[in-house]
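Pasted below: model22.txt, compact mmCIF, N, CA and C atoms.
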```
# COMPACT_ATOMS: atom_id res chain seq x y z
N MET A 17 0.85 -1.16 0.00
CA MET A 17 0.00 0.00 0.00
C MET A 17 0.90 1.24 0.00
N PRO A 18 0.71 2.13 -0.96
CA PRO A 18 1.56 3.32 -1.04
C PRO A 18 1.29 4.28 0.12
N THR A 19 2.33 5.02 0.50
CA THR A 19 2.24 6.02 1.56
C THR A 19 2.38 7.39 0.93
N LEU A 20 1.53 8.32 1.35
CA LEU A 20 1.59 9.69 0.85
C LEU A 20 2.31 10.56 1.86
N VAL A 21 3.21 11.37 1.38
CA VAL A 21 3.84 12.42 2.19
C VAL A 21 3.68 13.71 1.41
N GLY A 22 3.13 14.74 2.04
CA GLY A 22 2.92 16.01 1.35
C GLY A 22 1.48 16.15 0.89
N PHE A 23 1.30 16.67 -0.30
CA PHE A 23 -0.03 16.98 -0.82
C PHE A 23 -0.49 15.93 -1.83
N GLY A 24 -1.81 15.78 -1.93
CA GLY A 24 -2.39 14.87 -2.91
C GLY A 24 -3.84 15.22 -3.13
N THR A 25 -4.53 14.42 -3.91
CA THR A 25 -5.96 14.61 -4.13
C THR A 25 -6.68 13.28 -3.99
N PHE A 26 -7.95 13.37 -3.59
CA PHE A 26 -8.76 12.15 -3.50
C PHE A 26 -8.88 11.50 -4.87
N ALA A 27 -9.01 12.31 -5.92
CA ALA A 27 -9.17 11.78 -7.27
C ALA A 27 -7.98 10.93 -7.70
N ALA A 28 -6.81 11.15 -7.10
CA ALA A 28 -5.62 10.39 -7.47
C ALA A 28 -5.54 9.04 -6.76
N LEU A 29 -6.39 8.82 -5.76
CA LEU A 29 -6.36 7.54 -5.04
C LEU A 29 -7.01 6.45 -5.90
N PRO A 30 -6.39 5.29 -5.99
CA PRO A 30 -6.99 4.22 -6.79
C PRO A 30 -8.18 3.59 -6.06
N GLU A 31 -9.23 3.28 -6.82
CA GLU A 31 -10.37 2.56 -6.26
C GLU A 31 -10.01 1.09 -6.16
N GLU A 32 -10.27 0.50 -5.01
CA GLU A 32 -10.07 -0.92 -4.83
C GLU A 32 -11.44 -1.58 -4.73
N ARG A 33 -11.80 -2.34 -5.75
CA ARG A 33 -13.11 -3.02 -5.76
C ARG A 33 -12.98 -4.33 -5.00
N ILE A 34 -13.58 -4.38 -3.83
CA ILE A 34 -13.56 -5.58 -3.00
C ILE A 34 -14.50 -6.62 -3.60
N SER A 35 -15.65 -6.15 -4.08
CA SER A 35 -16.63 -7.00 -4.75
C SER A 35 -17.50 -6.08 -5.60
N ASP A 36 -18.53 -6.62 -6.25
CA ASP A 36 -19.42 -5.77 -7.03
C ASP A 36 -20.26 -4.86 -6.12
N LYS A 37 -20.25 -5.11 -4.81
CA LYS A 37 -21.04 -4.31 -3.88
C LYS A 37 -20.21 -3.48 -2.91
N MET A 38 -18.88 -3.56 -3.01
CA MET A 38 -18.05 -2.86 -2.04
C MET A 38 -16.76 -2.34 -2.69
N SER A 39 -16.51 -1.03 -2.48
CA SER A 39 -15.27 -0.41 -2.95
C SER A 39 -14.68 0.43 -1.83
N ARG A 40 -13.36 0.67 -1.93
CA ARG A 40 -12.72 1.56 -0.96
C ARG A 40 -11.56 2.28 -1.63
N TRP A 41 -11.23 3.43 -1.07
CA TRP A 41 -10.09 4.23 -1.47
C TRP A 41 -9.28 4.46 -0.20
N ILE A 42 -7.98 4.12 -0.21
CA ILE A 42 -7.16 4.20 1.00
C ILE A 42 -6.10 5.27 0.84
N LEU A 43 -6.06 6.18 1.81
CA LEU A 43 -4.99 7.17 1.92
C LEU A 43 -4.19 6.79 3.14
N SER A 44 -2.90 6.50 2.95
CA SER A 44 -2.08 6.02 4.05
C SER A 44 -0.87 6.90 4.25
N GLY A 45 -0.63 7.24 5.51
CA GLY A 45 0.60 7.91 5.92
C GLY A 45 1.44 6.92 6.69
N ASP A 46 2.47 7.40 7.39
CA ASP A 46 3.33 6.51 8.15
C ASP A 46 2.65 5.98 9.41
N GLN A 47 1.75 6.76 10.03
CA GLN A 47 1.18 6.40 11.32
C GLN A 47 -0.34 6.28 11.33
N GLY A 48 -0.99 6.40 10.20
CA GLY A 48 -2.44 6.30 10.19
C GLY A 48 -2.97 6.14 8.77
N MET A 49 -4.27 5.85 8.71
CA MET A 49 -4.92 5.62 7.42
C MET A 49 -6.29 6.29 7.42
N LEU A 50 -6.72 6.70 6.24
CA LEU A 50 -8.07 7.19 6.01
C LEU A 50 -8.65 6.34 4.89
N VAL A 51 -9.82 5.73 5.15
CA VAL A 51 -10.43 4.85 4.16
C VAL A 51 -11.83 5.37 3.84
N TRP A 52 -12.10 5.62 2.57
CA TRP A 52 -13.42 6.02 2.08
C TRP A 52 -14.09 4.76 1.58
N TRP A 53 -15.25 4.42 2.18
CA TRP A 53 -15.98 3.21 1.81
C TRP A 53 -17.21 3.54 0.99
N SER A 54 -17.52 2.72 0.02
CA SER A 54 -18.78 2.74 -0.71
C SER A 54 -19.30 1.31 -0.70
N ILE A 55 -20.43 1.10 -0.01
CA ILE A 55 -20.93 -0.26 0.21
C ILE A 55 -22.41 -0.30 -0.16
N ALA A 56 -22.79 -1.26 -0.98
CA ALA A 56 -24.18 -1.41 -1.41
C ALA A 56 -25.03 -1.96 -0.27
N ALA A 57 -26.32 -1.76 -0.38
CA ALA A 57 -27.27 -2.27 0.60
C ALA A 57 -27.20 -3.80 0.65
N GLY A 58 -27.42 -4.35 1.83
CA GLY A 58 -27.47 -5.79 2.00
C GLY A 58 -26.15 -6.46 2.31
N VAL A 59 -25.06 -5.70 2.32
CA VAL A 59 -23.74 -6.27 2.63
C VAL A 59 -23.59 -6.40 4.13
N HIS A 60 -23.05 -7.52 4.57
CA HIS A 60 -22.78 -7.74 5.99
C HIS A 60 -21.27 -7.86 6.18
N VAL A 61 -20.72 -7.09 7.09
CA VAL A 61 -19.30 -7.17 7.41
C VAL A 61 -19.16 -8.04 8.65
N GLU A 62 -18.40 -9.09 8.55
CA GLU A 62 -18.23 -10.02 9.67
C GLU A 62 -17.63 -9.30 10.88
N PRO A 63 -18.00 -9.74 12.08
CA PRO A 63 -17.41 -9.15 13.29
C PRO A 63 -15.89 -9.25 13.25
N HIS A 64 -15.24 -8.18 13.64
CA HIS A 64 -13.78 -8.15 13.67
C HIS A 64 -13.35 -7.12 14.69
N SER A 65 -12.08 -7.04 14.97
CA SER A 65 -11.60 -6.03 15.91
C SER A 65 -10.31 -5.43 15.40
N HIS A 66 -10.02 -4.25 15.89
CA HIS A 66 -8.77 -3.55 15.58
C HIS A 66 -8.06 -3.30 16.90
N ALA A 67 -6.77 -3.56 16.95
CA ALA A 67 -6.02 -3.33 18.18
C ALA A 67 -5.96 -1.84 18.52
N ASN A 68 -5.96 -1.01 17.49
CA ASN A 68 -5.88 0.44 17.69
C ASN A 68 -7.25 1.08 17.48
N GLU A 69 -7.31 2.35 17.76
CA GLU A 69 -8.57 3.10 17.63
C GLU A 69 -9.02 3.18 16.17
N GLN A 70 -10.34 3.07 15.98
CA GLN A 70 -10.95 3.24 14.68
C GLN A 70 -12.09 4.25 14.84
N ILE A 71 -12.15 5.21 13.93
CA ILE A 71 -13.20 6.23 13.95
C ILE A 71 -13.94 6.16 12.62
N VAL A 72 -15.27 6.08 12.67
CA VAL A 72 -16.11 6.02 11.47
C VAL A 72 -17.01 7.24 11.45
N TRP A 73 -17.08 7.92 10.32
CA TRP A 73 -17.98 9.07 10.12
C TRP A 73 -18.93 8.69 9.00
N MET A 74 -20.20 8.56 9.31
CA MET A 74 -21.22 8.19 8.33
C MET A 74 -21.55 9.40 7.44
N LEU A 75 -21.47 9.20 6.14
CA LEU A 75 -21.73 10.28 5.19
C LEU A 75 -23.08 10.12 4.49
N LYS A 76 -23.47 8.87 4.21
CA LYS A 76 -24.71 8.62 3.46
C LYS A 76 -25.21 7.23 3.81
N GLY A 77 -26.51 7.05 3.80
CA GLY A 77 -27.09 5.73 4.08
C GLY A 77 -27.20 5.50 5.57
N LYS A 78 -27.56 4.29 5.93
CA LYS A 78 -27.67 3.91 7.34
C LYS A 78 -27.00 2.56 7.55
N LEU A 79 -26.34 2.43 8.68
CA LEU A 79 -25.70 1.18 9.07
C LEU A 79 -26.13 0.83 10.48
N GLU A 80 -26.32 -0.44 10.71
CA GLU A 80 -26.53 -0.92 12.07
C GLU A 80 -25.16 -1.40 12.55
N PHE A 81 -24.65 -0.77 13.59
CA PHE A 81 -23.36 -1.14 14.16
C PHE A 81 -23.57 -1.90 15.46
N ARG A 82 -22.72 -2.87 15.71
CA ARG A 82 -22.64 -3.50 17.01
C ARG A 82 -21.22 -3.35 17.51
N LEU A 83 -21.06 -2.70 18.66
CA LEU A 83 -19.76 -2.57 19.31
C LEU A 83 -19.87 -3.30 20.64
N GLY A 84 -19.17 -4.40 20.78
CA GLY A 84 -19.31 -5.18 22.00
C GLY A 84 -20.75 -5.64 22.12
N SER A 85 -21.43 -5.24 23.21
CA SER A 85 -22.83 -5.64 23.40
C SER A 85 -23.81 -4.52 23.03
N GLU A 86 -23.30 -3.35 22.66
CA GLU A 86 -24.17 -2.22 22.32
C GLU A 86 -24.44 -2.19 20.81
N GLN A 87 -25.70 -1.99 20.45
CA GLN A 87 -26.11 -1.96 19.05
C GLN A 87 -26.83 -0.66 18.78
N ARG A 88 -26.57 -0.05 17.61
CA ARG A 88 -27.17 1.23 17.28
C ARG A 88 -27.25 1.40 15.77
N VAL A 89 -28.30 2.09 15.29
CA VAL A 89 -28.42 2.46 13.88
C VAL A 89 -27.80 3.84 13.71
N CYS A 90 -26.86 3.95 12.79
CA CYS A 90 -26.16 5.22 12.54
C CYS A 90 -26.46 5.69 11.13
N GLY A 91 -26.59 7.01 10.97
CA GLY A 91 -26.86 7.60 9.67
C GLY A 91 -25.97 8.80 9.43
N PRO A 92 -26.24 9.57 8.38
CA PRO A 92 -25.40 10.70 8.02
C PRO A 92 -25.14 11.63 9.21
N GLY A 93 -23.87 11.94 9.43
CA GLY A 93 -23.47 12.82 10.52
C GLY A 93 -23.09 12.10 11.79
N ASP A 94 -23.49 10.83 11.92
CA ASP A 94 -23.13 10.06 13.12
C ASP A 94 -21.67 9.63 13.04
N VAL A 95 -21.06 9.51 14.21
CA VAL A 95 -19.69 9.02 14.30
C VAL A 95 -19.64 7.86 15.28
N VAL A 96 -18.70 6.96 15.06
CA VAL A 96 -18.51 5.79 15.91
C VAL A 96 -17.01 5.69 16.20
N VAL A 97 -16.66 5.51 17.47
CA VAL A 97 -15.26 5.33 17.86
C VAL A 97 -15.14 3.99 18.57
N SER A 98 -14.27 3.14 18.09
CA SER A 98 -14.05 1.85 18.74
C SER A 98 -12.57 1.68 19.03
N VAL A 99 -12.30 1.09 20.18
CA VAL A 99 -10.92 0.84 20.59
C VAL A 99 -10.82 -0.62 21.03
N GLY A 100 -10.21 -1.45 20.21
CA GLY A 100 -9.98 -2.84 20.57
C GLY A 100 -11.25 -3.63 20.85
N MET A 101 -12.38 -3.24 20.27
CA MET A 101 -13.64 -3.95 20.47
C MET A 101 -14.03 -4.68 19.20
N ASP A 102 -14.79 -5.76 19.36
CA ASP A 102 -15.39 -6.38 18.18
C ASP A 102 -16.37 -5.39 17.58
N ILE A 103 -16.37 -5.29 16.27
CA ILE A 103 -17.29 -4.38 15.58
C ILE A 103 -17.99 -5.17 14.49
N GLU A 104 -19.28 -4.96 14.35
CA GLU A 104 -20.06 -5.63 13.31
C GLU A 104 -20.91 -4.56 12.65
N ARG A 105 -21.03 -4.64 11.32
CA ARG A 105 -21.82 -3.66 10.57
C ARG A 105 -22.82 -4.40 9.70
N LYS A 106 -24.03 -3.85 9.65
CA LYS A 106 -25.06 -4.43 8.78
C LYS A 106 -25.81 -3.29 8.13
N LEU A 107 -25.92 -3.32 6.80
CA LEU A 107 -26.65 -2.25 6.10
C LEU A 107 -28.14 -2.46 6.21
N LEU A 108 -28.86 -1.34 6.35
CA LEU A 108 -30.29 -1.42 6.58
C LEU A 108 -31.14 -0.98 5.40
N LEU A 109 -30.73 0.04 4.69
CA LEU A 109 -31.57 0.61 3.64
C LEU A 109 -31.14 0.14 2.26
N ALA A 110 -32.06 0.26 1.33
CA ALA A 110 -31.78 -0.15 -0.05
C ALA A 110 -31.10 0.98 -0.81
N GLN A 111 -30.07 1.54 -0.22
CA GLN A 111 -29.28 2.57 -0.90
C GLN A 111 -27.82 2.36 -0.55
N ARG A 112 -26.97 2.83 -1.42
CA ARG A 112 -25.52 2.70 -1.19
C ARG A 112 -25.13 3.56 0.00
N GLN A 113 -24.25 3.04 0.81
CA GLN A 113 -23.76 3.70 2.00
C GLN A 113 -22.36 4.23 1.74
N ARG A 114 -22.04 5.37 2.32
CA ARG A 114 -20.69 5.92 2.22
C ARG A 114 -20.23 6.33 3.61
N ALA A 115 -19.00 5.99 3.93
CA ALA A 115 -18.45 6.32 5.24
C ALA A 115 -16.95 6.53 5.10
N LEU A 116 -16.42 7.39 5.96
CA LEU A 116 -14.98 7.58 6.09
C LEU A 116 -14.54 6.89 7.37
N THR A 117 -13.45 6.17 7.32
CA THR A 117 -12.91 5.50 8.50
C THR A 117 -11.47 5.93 8.67
N THR A 118 -11.10 6.34 9.88
CA THR A 118 -9.69 6.59 10.17
C THR A 118 -9.19 5.48 11.07
N LEU A 119 -7.98 5.07 10.84
CA LEU A 119 -7.36 4.00 11.62
C LEU A 119 -6.02 4.50 12.12
N CYS A 120 -5.83 4.44 13.41
CA CYS A 120 -4.56 4.85 14.00
C CYS A 120 -3.58 3.70 13.89
N GLY A 121 -2.40 3.99 13.43
CA GLY A 121 -1.43 2.94 13.20
C GLY A 121 -1.62 2.36 11.81
N ARG A 122 -0.59 2.40 11.01
CA ARG A 122 -0.66 1.88 9.65
C ARG A 122 -0.66 0.37 9.70
N ARG A 123 -1.45 -0.28 8.88
CA ARG A 123 -1.52 -1.74 8.88
C ARG A 123 -1.87 -2.25 7.50
N ASN A 124 -1.70 -3.52 7.33
CA ASN A 124 -2.16 -4.18 6.13
C ASN A 124 -3.66 -4.31 6.26
N TYR A 125 -4.41 -3.61 5.44
CA TYR A 125 -5.87 -3.51 5.59
C TYR A 125 -6.53 -4.42 4.58
N ALA A 126 -6.51 -5.69 4.83
CA ALA A 126 -7.11 -6.67 3.91
C ALA A 126 -8.45 -7.13 4.45
N LEU A 127 -9.35 -7.47 3.55
CA LEU A 127 -10.65 -8.03 3.96
C LEU A 127 -10.59 -9.54 3.84
```

What would the structure in this file look like if it were written as structure tokens?
Amino acid sequence: MPTLVGFGTFAALPEERISDKMSRWILSGDQGMLVWWSIAAGVHVEPHSHANEQIVWMLKGKLEFRLGSEQRVCGPGDVVVSVGMDIERKLLLAQRQRALTTLCGRRNYAL
């Protein structure tokens, strides 16, 4: 995964098509990452955890998040912060969802 130092543009980031229903664009520095997600309705992300802090900012659509034992529906403008917790996401509406995720600590971000 390439690392950016200095200036760049979102348009220059390559789209990574995970499947026909999920794409992401990753901006990575030495100590953190920003991931722009585009996920179609009906996609389920398996429960997983991150050792470091993860921050999600919902831009469009709605997601049902589960963090540990707490569950909540999040929509545009909502933010979620998880630290070393299992996280599960489930899309609720029949529209494409968009979210930005920041991850502290650079890592191999494979699905």

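In this model, the gap between CA of Glu62 in chain A and atom N of Arg82 in chain A comes to 10.4 Å.
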
All residues 6.5 Å or closer to Leu119 in chain A, all atoms listed in the file, same chain fewer than 6 positions away omitted, as an MDAnalysis selection string: chainID A and resid 47:51 68:71

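All polymer residues at most 12 Å from (-17.5, -2.5, -1.6), using only C-alpha atoms, appear as Glu31, Glu32, Arg33, Ile34, Ser35, Asp36, Lys37, Met38, Ser39, Arg40, Trp41, Val51, Trp52, Trp53, Ser54, Ile55, Ala56, Ala57, Gly58, Val59, His60, Val61, Leu107, Arg112, Gln113, Arg114, Ala115 and Leu127 of chain A.
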
Enumerate, in order of chain and increasing residue number, the residues of range 33-85 of chain A with an atom no farther than 8 Å from range 21-28 of chain A, each with its shortest atom pair and distance in Å to one decimal, counting only N, CA and C atoms, as CSV.
```
residue,atom,partner,partner_atom,distance
A:Ser44,C,A:Val21,N,6.7
A:Gly45,CA,A:Val21,N,6.3
A:Asp46,N,A:Val21,N,7.2
```

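The shortest atom-to-atom distance to Leu116 in chain A, with only N, CA and C atoms taken into account, belongs to A:Met74 out of A:Gly84, A:Thr19, A:Ser98, A:Met74.
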
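Between CA of Thr118 in chain A and atom C of Gly77 in chain A there is a distance of 18.1 Å.
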
Interatomic distance (Å, one decimal) between CA of Leu75 in chain A and atom C of Gly93 in chain A: 7.0 Å
